[in-house]
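Below: work.txt (compact mmCIF, C-alpha atoms and all ligand atoms)
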# COMPACT_ATOMS: atom_id res chain seq x y z
CA MET T 8 -33.04 -38.87 38.88
CA LYS T 9 -31.21 -41.56 36.95
CA ILE T 10 -30.49 -40.66 33.33
CA SER T 11 -29.96 -43.25 30.65
CA CYS T 12 -26.67 -43.54 28.73
CA ASP T 13 -28.62 -42.89 25.51
CA ILE T 14 -29.50 -39.35 26.57
CA ILE T 15 -25.97 -38.70 27.77
CA SER T 16 -24.48 -39.96 24.52
CA ASP T 17 -26.68 -37.42 22.70
CA LEU T 18 -25.46 -34.64 24.97
CA LEU T 19 -21.79 -35.65 24.96
CA PRO T 20 -20.77 -33.92 21.71
CA LEU T 21 -22.32 -30.64 22.97
CA TYR T 22 -20.64 -31.10 26.33
CA HIS T 23 -17.33 -31.84 24.63
CA ASP T 24 -17.56 -28.68 22.51
CA GLY T 25 -18.61 -26.69 25.59
CA VAL T 26 -21.85 -25.44 24.08
CA CYS T 27 -24.51 -27.10 26.28
CA ASN T 28 -26.32 -25.17 29.00
CA GLU T 29 -25.41 -25.31 32.70
CA ALA T 30 -28.18 -27.78 33.63
CA SER T 31 -27.17 -30.29 30.93
CA LYS T 32 -23.53 -29.82 31.84
CA LYS T 33 -24.29 -30.69 35.46
CA LEU T 34 -26.30 -33.76 34.41
CA VAL T 35 -23.54 -35.01 32.14
CA GLU T 36 -20.87 -34.52 34.78
CA GLU T 37 -22.94 -36.33 37.42
CA HIS T 38 -23.48 -39.23 35.04
CA LEU T 39 -19.84 -39.36 33.98
CA SER T 40 -18.70 -39.72 37.58
CA GLU T 41 -20.67 -42.96 37.81
CA CYS T 42 -20.54 -44.43 34.30
CA ASP T 43 -17.34 -45.84 32.76
CA THR T 44 -18.93 -46.44 29.34
CA CYS T 45 -19.83 -42.79 28.84
CA ARG T 46 -16.48 -41.61 30.17
CA ALA T 47 -14.82 -43.78 27.55
CA MET T 48 -17.07 -42.23 24.92
CA LEU T 49 -16.00 -38.74 25.97
CA GLU T 50 -12.35 -39.73 25.69
CA LYS T 51 -12.99 -41.00 22.18
CA LEU T 52 -14.51 -37.62 21.28
CA SER T 53 -11.42 -35.88 22.58
CA ASP T 54 -9.30 -38.17 20.45
CA ASN T 55 -10.94 -36.59 17.38
CA ARG T 56 -8.46 -33.82 17.88
CA LEU T 57 -6.13 -36.33 16.33
CA ASP T 58 -7.87 -35.65 13.00
CA ASP T 59 -7.00 -31.98 13.32
CA ARG T 60 -3.43 -32.89 14.03
CA ILE T 61 -3.32 -35.16 10.96
CA SER T 62 -4.76 -32.49 8.67
CA ALA T 63 -2.27 -29.97 10.06
CA GLU T 64 0.52 -32.41 9.31
CA ARG T 65 -0.86 -32.97 5.84
CA GLU T 66 -0.72 -29.23 5.19
CA ASP T 67 2.85 -29.23 6.38
CA VAL T 68 3.70 -31.95 3.87
CA VAL T 69 1.99 -30.04 1.02
CA GLN T 70 3.85 -26.87 1.92
CA HIS T 71 7.09 -28.76 2.18
CA HIS T 72 6.47 -30.32 -1.23
CA ALA T 73 5.69 -26.92 -2.79
CA LYS T 74 8.89 -25.54 -1.32
CA ALA T 75 10.86 -28.51 -2.65
CA THR T 76 9.38 -28.02 -6.13
CA LYS T 77 10.21 -24.34 -6.00
CA ARG T 78 13.76 -25.11 -4.93
CA ARG T 79 14.12 -27.71 -7.68
CA SER T 80 12.92 -25.35 -10.44
CA LEU T 81 15.24 -22.68 -9.08
CA VAL T 82 18.14 -25.14 -9.34
CA VAL T 83 17.16 -26.23 -12.87
CA GLY T 84 16.79 -22.57 -13.89
CA THR T 85 20.20 -21.70 -12.49
CA VAL T 86 21.77 -24.70 -14.24
CA ILE T 87 20.30 -23.70 -17.62
CA ALA T 88 21.45 -20.13 -17.04
CA SER T 89 25.00 -21.28 -16.30
CA ILE T 90 25.03 -23.62 -19.32
CA LEU T 91 24.05 -20.61 -21.42
CA MET T 92 27.15 -18.83 -20.16
CA ILE T 93 29.34 -21.28 -22.11
CA PRO T 94 28.35 -20.08 -25.63
CA VAL T 95 28.46 -16.51 -24.28
CA LEU T 96 32.06 -16.97 -23.21
CA VAL T 97 33.05 -18.81 -26.41
CA THR T 98 31.51 -16.26 -28.77
CA PHE T 99 32.99 -13.44 -26.68
CA ILE T 100 36.50 -14.81 -27.21
CA VAL T 101 35.99 -15.77 -30.87
CA ASN T 102 34.42 -12.42 -31.73
CA LEU T 103 37.24 -10.51 -30.06
CA ALA T 104 39.90 -12.68 -31.68
CA THR T 105 38.52 -12.55 -35.24
CA ALA T 106 37.02 -9.07 -35.44
CA GLY T 107 39.21 -7.36 -32.89
CA ALA T 108 36.08 -5.94 -31.32
CA LEU T 109 32.67 -7.05 -30.14
CA ASN T 110 29.95 -6.85 -32.80
CA TRP T 111 28.01 -10.01 -33.71
CA PHE T 112 28.65 -11.16 -30.15
CA PHE T 113 25.70 -8.98 -29.14
CA ILE T 114 23.43 -10.80 -31.58
CA VAL T 115 24.36 -14.10 -29.96
CA ILE T 116 23.75 -12.64 -26.50
CA ALA T 117 20.35 -11.31 -27.54
CA SER T 118 19.32 -14.66 -29.08
CA LEU T 119 20.38 -16.48 -25.92
CA MET T 120 18.32 -14.01 -23.90
CA VAL T 121 15.27 -14.86 -26.01
CA PHE T 122 15.93 -18.52 -25.23
CA ALA T 123 16.47 -17.79 -21.53
CA SER T 124 13.26 -15.75 -21.35
CA VAL T 125 11.13 -18.82 -22.07
CA THR T 126 13.24 -21.33 -20.11
CA VAL T 127 15.05 -19.71 -17.20
CA VAL T 128 12.53 -16.99 -16.36
CA PRO T 129 9.47 -19.24 -15.78
CA LEU T 130 11.62 -21.57 -13.64
CA VAL T 131 13.19 -18.88 -11.48
CA VAL T 132 10.36 -16.36 -11.06
CA GLU T 133 7.88 -17.21 -8.28
CA LYS T 134 4.97 -14.81 -8.79
CA ASN T 135 3.23 -13.75 -12.02
CA LYS T 136 5.27 -16.25 -14.07
CA GLY T 137 3.16 -15.58 -17.18
CA ILE T 138 3.66 -11.83 -17.24
CA TRP T 139 7.37 -12.05 -16.43
CA THR T 140 7.97 -14.66 -19.11
CA LEU T 141 5.99 -12.73 -21.73
CA GLY T 142 7.64 -9.44 -20.75
CA SER T 143 11.18 -10.79 -20.87
CA PHE T 144 10.41 -12.65 -24.12
CA ILE T 145 9.21 -9.48 -25.85
CA GLY T 146 12.03 -7.40 -24.35
CA SER T 147 14.75 -9.80 -25.48
CA LEU T 148 13.14 -10.25 -28.91
CA LEU T 149 13.20 -6.47 -29.45
CA LEU T 150 16.80 -6.40 -28.28
CA LEU T 151 17.60 -9.09 -30.85
CA PHE T 152 15.94 -7.03 -33.60
CA LEU T 153 17.89 -3.97 -32.48
CA THR T 154 21.30 -5.70 -32.40
CA ILE T 155 20.79 -7.28 -35.85
CA ASN T 156 19.58 -3.94 -37.14
CA ILE T 157 22.63 -2.10 -35.80
CA PHE T 158 25.05 -4.84 -36.88
CA ASN T 159 23.74 -4.71 -40.48
CA GLY T 160 23.47 -0.92 -40.49
CA GLN T 161 19.81 -1.06 -41.50
CA ASN T 162 16.75 0.78 -40.29
CA TRP T 163 13.85 -1.66 -40.11
CA PHE T 164 13.82 -1.86 -36.32
CA PHE T 165 10.47 -0.13 -35.78
CA LEU T 166 9.00 -1.79 -38.86
CA ALA T 167 9.74 -5.14 -37.22
CA THR T 168 8.95 -4.34 -33.60
CA ILE T 169 5.61 -2.52 -33.78
CA PRO T 170 3.78 -5.19 -35.84
CA THR T 171 5.39 -7.91 -33.70
CA ILE T 172 4.11 -6.29 -30.51
CA PHE T 173 0.73 -5.77 -32.18
CA GLY T 174 0.53 -9.45 -33.17
CA LEU T 175 1.46 -10.60 -29.66
CA SER T 176 -0.90 -8.05 -28.14
CA ILE T 177 -3.93 -9.38 -30.04
CA ILE T 178 -3.42 -12.69 -28.28
CA PHE T 179 -1.98 -11.67 -24.93
CA ALA T 180 -3.34 -8.17 -24.15
CA PRO T 181 -6.57 -9.50 -22.57
CA PHE T 182 -4.63 -11.80 -20.23
CA VAL T 183 -1.99 -9.22 -19.35
CA VAL T 184 -4.55 -6.47 -18.70
CA LYS T 185 -6.57 -8.88 -16.55
CA GLN T 186 -3.58 -9.44 -14.26
CA LEU T 187 -2.57 -5.78 -13.97
CA PRO T 188 -3.19 -4.28 -10.52
CA LEU T 189 -5.49 -1.51 -11.77
CA THR T 190 -7.79 0.69 -9.71
CA GLY T 191 -10.89 2.80 -10.33
CA PHE T 192 -12.23 3.23 -13.86
CA ALA T 193 -9.49 1.13 -15.46
CA SER T 194 -10.14 -1.85 -13.16
CA ARG T 195 -13.83 -1.87 -14.16
CA HIS T 196 -13.11 -1.57 -17.89
CA LYS T 197 -10.20 -3.92 -18.54
CA GLY T 198 -11.75 -5.18 -21.80
CA LEU T 199 -12.02 -1.62 -23.03
CA LEU T 200 -8.38 -1.06 -22.13
CA ALA T 201 -7.26 -4.17 -24.06
CA MET T 202 -9.30 -3.08 -27.09
CA ALA T 203 -7.81 0.43 -26.91
CA ILE T 204 -4.25 -0.94 -26.67
CA ASN T 205 -4.81 -3.13 -29.74
CA THR T 206 -6.39 -0.27 -31.66
CA VAL T 207 -3.46 2.06 -30.92
CA LEU T 208 -1.00 -0.67 -31.93
CA LEU T 209 -2.87 -1.29 -35.19
CA TYR T 210 -2.64 2.42 -36.10
CA ALA T 211 1.01 2.42 -35.01
CA THR T 212 1.62 -0.49 -37.41
CA ILE T 213 0.06 1.51 -40.25
CA VAL T 214 2.08 4.60 -39.36
CA VAL T 215 5.39 2.76 -39.09
CA SER T 216 4.78 0.95 -42.40
CA GLY T 217 3.81 4.22 -44.08
CA LEU T 218 6.92 5.97 -42.81
CA HIS T 219 9.09 3.07 -43.91
CA VAL T 220 7.81 2.98 -47.50
CA GLY T 221 7.59 6.77 -47.62
CA GLY T 222 3.87 6.56 -48.37
CA GLY T 223 2.28 9.65 -49.94
CA THR T 224 -1.13 11.19 -49.29
CA ASP T 225 -2.74 8.25 -51.08
CA TYR T 226 -1.21 5.75 -48.65
CA TRP T 227 -2.38 7.64 -45.58
CA ARG T 228 -5.85 8.30 -46.96
CA THR T 229 -6.56 4.70 -48.07
CA SER T 230 -4.93 2.94 -45.12
CA LEU T 231 -6.41 5.13 -42.41
CA LEU T 232 -9.92 5.28 -43.91
CA ILE T 233 -10.19 1.56 -44.61
CA THR T 234 -8.70 0.56 -41.27
CA SER T 235 -11.00 2.91 -39.36
CA ALA T 236 -14.05 1.61 -41.21
CA CYS T 237 -13.10 -2.00 -40.59
CA LEU T 238 -12.47 -1.28 -36.91
CA ILE T 239 -16.10 -0.22 -36.47
CA TYR T 240 -17.14 -3.88 -36.66
CA PRO T 241 -15.00 -5.42 -33.84
CA TRP T 242 -15.56 -2.33 -31.68
CA ALA T 243 -19.34 -2.46 -32.16
CA LEU T 244 -19.38 -6.18 -31.28
CA PHE T 245 -17.20 -5.58 -28.23
CA LEU T 246 -19.32 -2.70 -26.94
CA ALA T 247 -22.52 -4.67 -27.50
CA ILE T 248 -21.25 -7.79 -25.72
CA ARG T 249 -19.62 -5.92 -22.85
CA TYR T 250 -21.97 -3.01 -22.16
CA ILE T 251 -25.53 -3.92 -23.18
CA LYS T 252 -27.24 -4.72 -19.91
CA ALA T 253 -29.40 -7.63 -21.05
CA ASN T 254 -29.23 -11.39 -21.17
CA LYS T 255 -27.02 -13.36 -23.56
CA LEU T 256 -29.78 -13.90 -26.12
CA VAL T 257 -30.36 -10.16 -26.51
CA ARG T 258 -26.65 -9.44 -26.80
CA THR T 259 -26.16 -12.24 -29.36
CA GLY T 260 -29.13 -10.88 -31.32
CA VAL T 261 -27.63 -7.38 -31.34
CA CYS T 262 -24.33 -8.84 -32.63
CA PHE T 263 -26.22 -10.47 -35.51
CA ILE T 264 -27.92 -7.19 -36.36
CA ILE T 265 -24.58 -5.33 -36.24
CA SER T 266 -23.13 -7.96 -38.61
CA GLY T 267 -26.08 -7.57 -40.98
CA ALA T 268 -25.66 -3.81 -41.02
CA PHE T 269 -21.88 -3.93 -41.52
CA ILE T 270 -20.81 -6.86 -43.71
CA PRO T 271 -22.93 -6.10 -46.85
CA PHE T 272 -21.58 -2.54 -47.07
CA VAL T 273 -17.91 -2.82 -46.16
CA ASN T 274 -16.90 -3.63 -49.76
CA ASP T 275 -18.84 -0.61 -51.04
CA PHE T 276 -16.91 1.58 -48.64
CA VAL T 277 -13.53 0.11 -49.62
CA SER T 278 -14.33 0.60 -53.34
CA TRP T 279 -15.34 4.18 -52.63
CA VAL T 280 -12.03 4.87 -50.87
CA LEU T 281 -10.03 3.20 -53.66
CA TYR T 282 -11.91 4.41 -56.78
CA GLY T 283 -13.71 7.52 -55.60
CA THR T 284 -17.30 6.63 -56.54
CA TRP T 285 -19.89 5.18 -54.21
CA TYR T 286 -21.68 2.16 -55.54
CA THR T 287 -24.27 0.29 -53.47
CA ASN T 288 -23.68 -3.30 -54.48
CA LEU T 289 -26.81 -4.43 -52.65
CA LEU T 290 -29.04 -2.60 -55.19
CA ASN T 291 -28.08 -5.20 -57.84
CA ALA T 292 -29.56 -8.01 -55.81
CA ASN T 293 -31.96 -10.21 -57.73
CA LEU T 294 -32.52 -13.60 -56.21
CA PHE T 295 -33.84 -14.94 -59.56
CA SER T 296 -30.59 -14.21 -61.35
CA TRP T 297 -27.15 -15.37 -60.22
CA GLN T 298 -24.38 -14.11 -62.51
CA PHE T 299 -20.98 -12.47 -62.41
CA GLY T 300 -21.55 -10.72 -65.74
CA PRO T 301 -21.60 -6.97 -66.36
CA VAL T 302 -24.06 -6.63 -63.50
CA ASN T 303 -22.73 -8.73 -60.65
CA THR T 304 -25.90 -10.07 -59.10
CA SER T 305 -24.20 -13.02 -57.34
CA ASN T 306 -22.21 -10.85 -54.95
CA ALA T 307 -25.21 -8.63 -54.36
CA ASN T 308 -27.41 -11.66 -53.68
CA VAL T 309 -24.95 -13.01 -51.13
CA SER T 310 -24.89 -9.59 -49.45
CA LEU T 311 -28.68 -9.48 -49.42
CA LEU T 312 -28.93 -12.97 -47.91
CA ILE T 313 -26.37 -12.05 -45.22
CA LEU T 314 -28.33 -8.90 -44.41
CA LEU T 315 -31.72 -10.66 -44.30
CA THR T 316 -30.46 -13.67 -42.32
CA CYS T 317 -28.59 -11.55 -39.77
CA PHE T 318 -31.54 -9.22 -39.27
CA ALA T 319 -34.05 -12.08 -39.02
CA VAL T 320 -31.98 -14.20 -36.62
CA GLY T 321 -30.88 -11.09 -34.68
CA SER T 322 -34.36 -9.67 -34.12
CA ALA T 323 -35.73 -13.12 -33.26
CA LEU T 324 -33.03 -13.57 -30.59
CA VAL T 325 -33.62 -10.08 -29.21
CA ALA T 326 -37.38 -10.74 -29.05
CA ILE T 327 -36.95 -14.10 -27.29
CA GLY T 328 -34.36 -12.62 -24.94
CA LEU T 329 -36.57 -9.69 -23.99
CA SER T 330 -39.66 -11.88 -23.42
CA ARG T 331 -37.64 -14.18 -21.14
CA LYS T 332 -36.48 -11.20 -19.15
CA LYS T 333 -40.07 -10.06 -18.65
CA LYS T 334 -41.17 -13.54 -17.54
CA SER T 335 -38.40 -13.85 -15.01
CA SER T 336 -38.91 -10.40 -13.51
ZN ZN M 401 -23.53 -43.90 30.86
So that I can check it, write out the structure of this file as structure tokens.
Amino acid sequence: MKISCDIISDLLPLYHDGVCNEASKKLVEEHLSECDTCRAMLEKLSDNRLDDRISAEREDVVQHHAKATKRRSLVVGTVIASILMIPVLVTFIVNLATAGALNWFFIVIASLMVFASVTVVPLVVEKNKGIWTLGSFIGSLLLLFLTINIFNGQNWFFLATIPTIFGLSIIFAPFVVKQLPLTGFASRHKGLLAMAINTVLLYATIVVSGLHVGGGTDYWRTSLLITSACLIYPWALFLAIRYIKANKLVRTGVCFIISGAFIPFVNDFVSWVLYGTWYTNLLNANLFSWQFGPVNTSNANVSLLILLTCFAVGSALVAIGLSRKKKSS
């Protein structure tokens, strides 16, 4: 039986990849022994391996380029580090010569380390650049605080460091925690961990400030009560967003309701802590009278509007969210 080149050209790719059955294979081979055109076609198919070779070479080039970039940043980093050694050496000599001992030299060293942490470190470190840079920046900054503190014979080191770490942590804790190689419970609750770290640092800031000013019972009572009350709000929002198992609409709605239940009363609570008597500002609300006079209806009206709006928008979103869930399931 004579088979046309058309059929063979259909079979050729399968034959080339070695996936056609024995009968087809035999047919193709018989045809190839007699037909130059199809043999040429098979050779062309084999040449496609060239593509593989090209892509392999391309990868080589990319890798080579990455290596070159790495080497270059390592060189630049080393150069900056060695340039930094010049002021180190100069201040070392000058400090020794003028003071007869090393004192403010350490401040210079610490400042240069802060500089190096954001220039040399990201250039030289290969993995986890962000964490290494941040870590060395904070470490050298604290060292700078400490050396200045010791040099001036003062005692504000903790007063400066704890709030500084707290401030940085608010921004960076989520990113740092995300990159940490955690396992088990901690790996599933990284957001919770970041929130807990920030909460602890906030209380540490209050404690260190209180100790520094020698705050009495009043300081501890007011600061701890007001802080704890205010913390309820971000924590409630976080827990709602992270742990309510529902769609985004429902979670957004819950956040609105939490806001409506919190914002109108936080001032009442703060006044109670400060002045000792509870006063529900919302009870003065009267939407037909807006005044700041003896009875402050304006503030109360704003509170009332916040409460009503948040509850209305919140429950509407929850309702829509829940109905969508039912439809889809
Ligand atoms: Zn043929």
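Coordinates place CA of Ile270 in chain T at a distance of 15.0 Å from CA of Ala319 in chain T.
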Using all atoms listed in the file, which of T:Val97, T:Cys317, T:Ala236, T:Leu39 sits nearest ligand ZN 401 (chain M)?
T:Leu39
Show me which residues sit within 7 Å of ligand ZN 401 (chain M) when counting only C-alpha atoms and all ligand atoms, and put them as a list in words.
Ser11, Cys12, Ile15, His38, Leu39, Cys42, Asp43, Thr44 and Cys45 of chain T
Go through range 77-138 of chain T residue by residue and, counting all atoms listed in the file, keep those with an atom at most 9 Å from range 173-191 of chain T; for each kept residue give the shortest atom pair and its distance in Å to one decimal, ordered by chain and increasing number, as a tab-separated table.
residue	atom	partner	partner_atom	distance
T:Asn135	CA	T:Gln186	CA	8.4
T:Gly137	CA	T:Val183	CA	8.5
T:Ile138	CA	T:Val183	CA	6.6
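Residues in contact with Lys32 in chain T at up to 12 Å, not including ones fewer than 3 positions away on its chain and judged by all atoms listed in the file, are Ile15, Leu18, Leu19, Pro20, Leu21, Tyr22, His23, Asp24, Gly25, Val26, Cys27, Asn28, Glu29, Val35, Glu36, Glu37, His38 and Leu39 of chain T.
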Within 10 Å of Glu133 in chain T, counting all atoms listed in the file, which residues qualify if same-chain residues fewer than 6 places away don't, as a VMD selection string?
chain T and resid 77 80 to 81 139
Exercise: Phe245 in chain T partners within 10 Å, all atoms listed in the file, chain neighbours under 6 positions left out, as a list in words:
Gly198, Leu199, Met202, Ile239, Ile251 and Cys262 of chain T
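Taking CA of Ala73 in chain T and CA of Val131 in chain T as the two end points, the separation is 14.0 Å.
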For Val82 in chain T, the closest of T:Val273, T:Val127, T:Leu218, T:Leu148 counting all atoms listed in the file is T:Val127
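The space between CA of Ile10 in chain T and CA of Ser40 in chain T spans 12.6 Å.
The closest residue to Gly146 in chain T, picked from T:Gly217, T:Met120, T:Pro94, T:Asn308 and counting all atoms listed in the file, is T:Met120.
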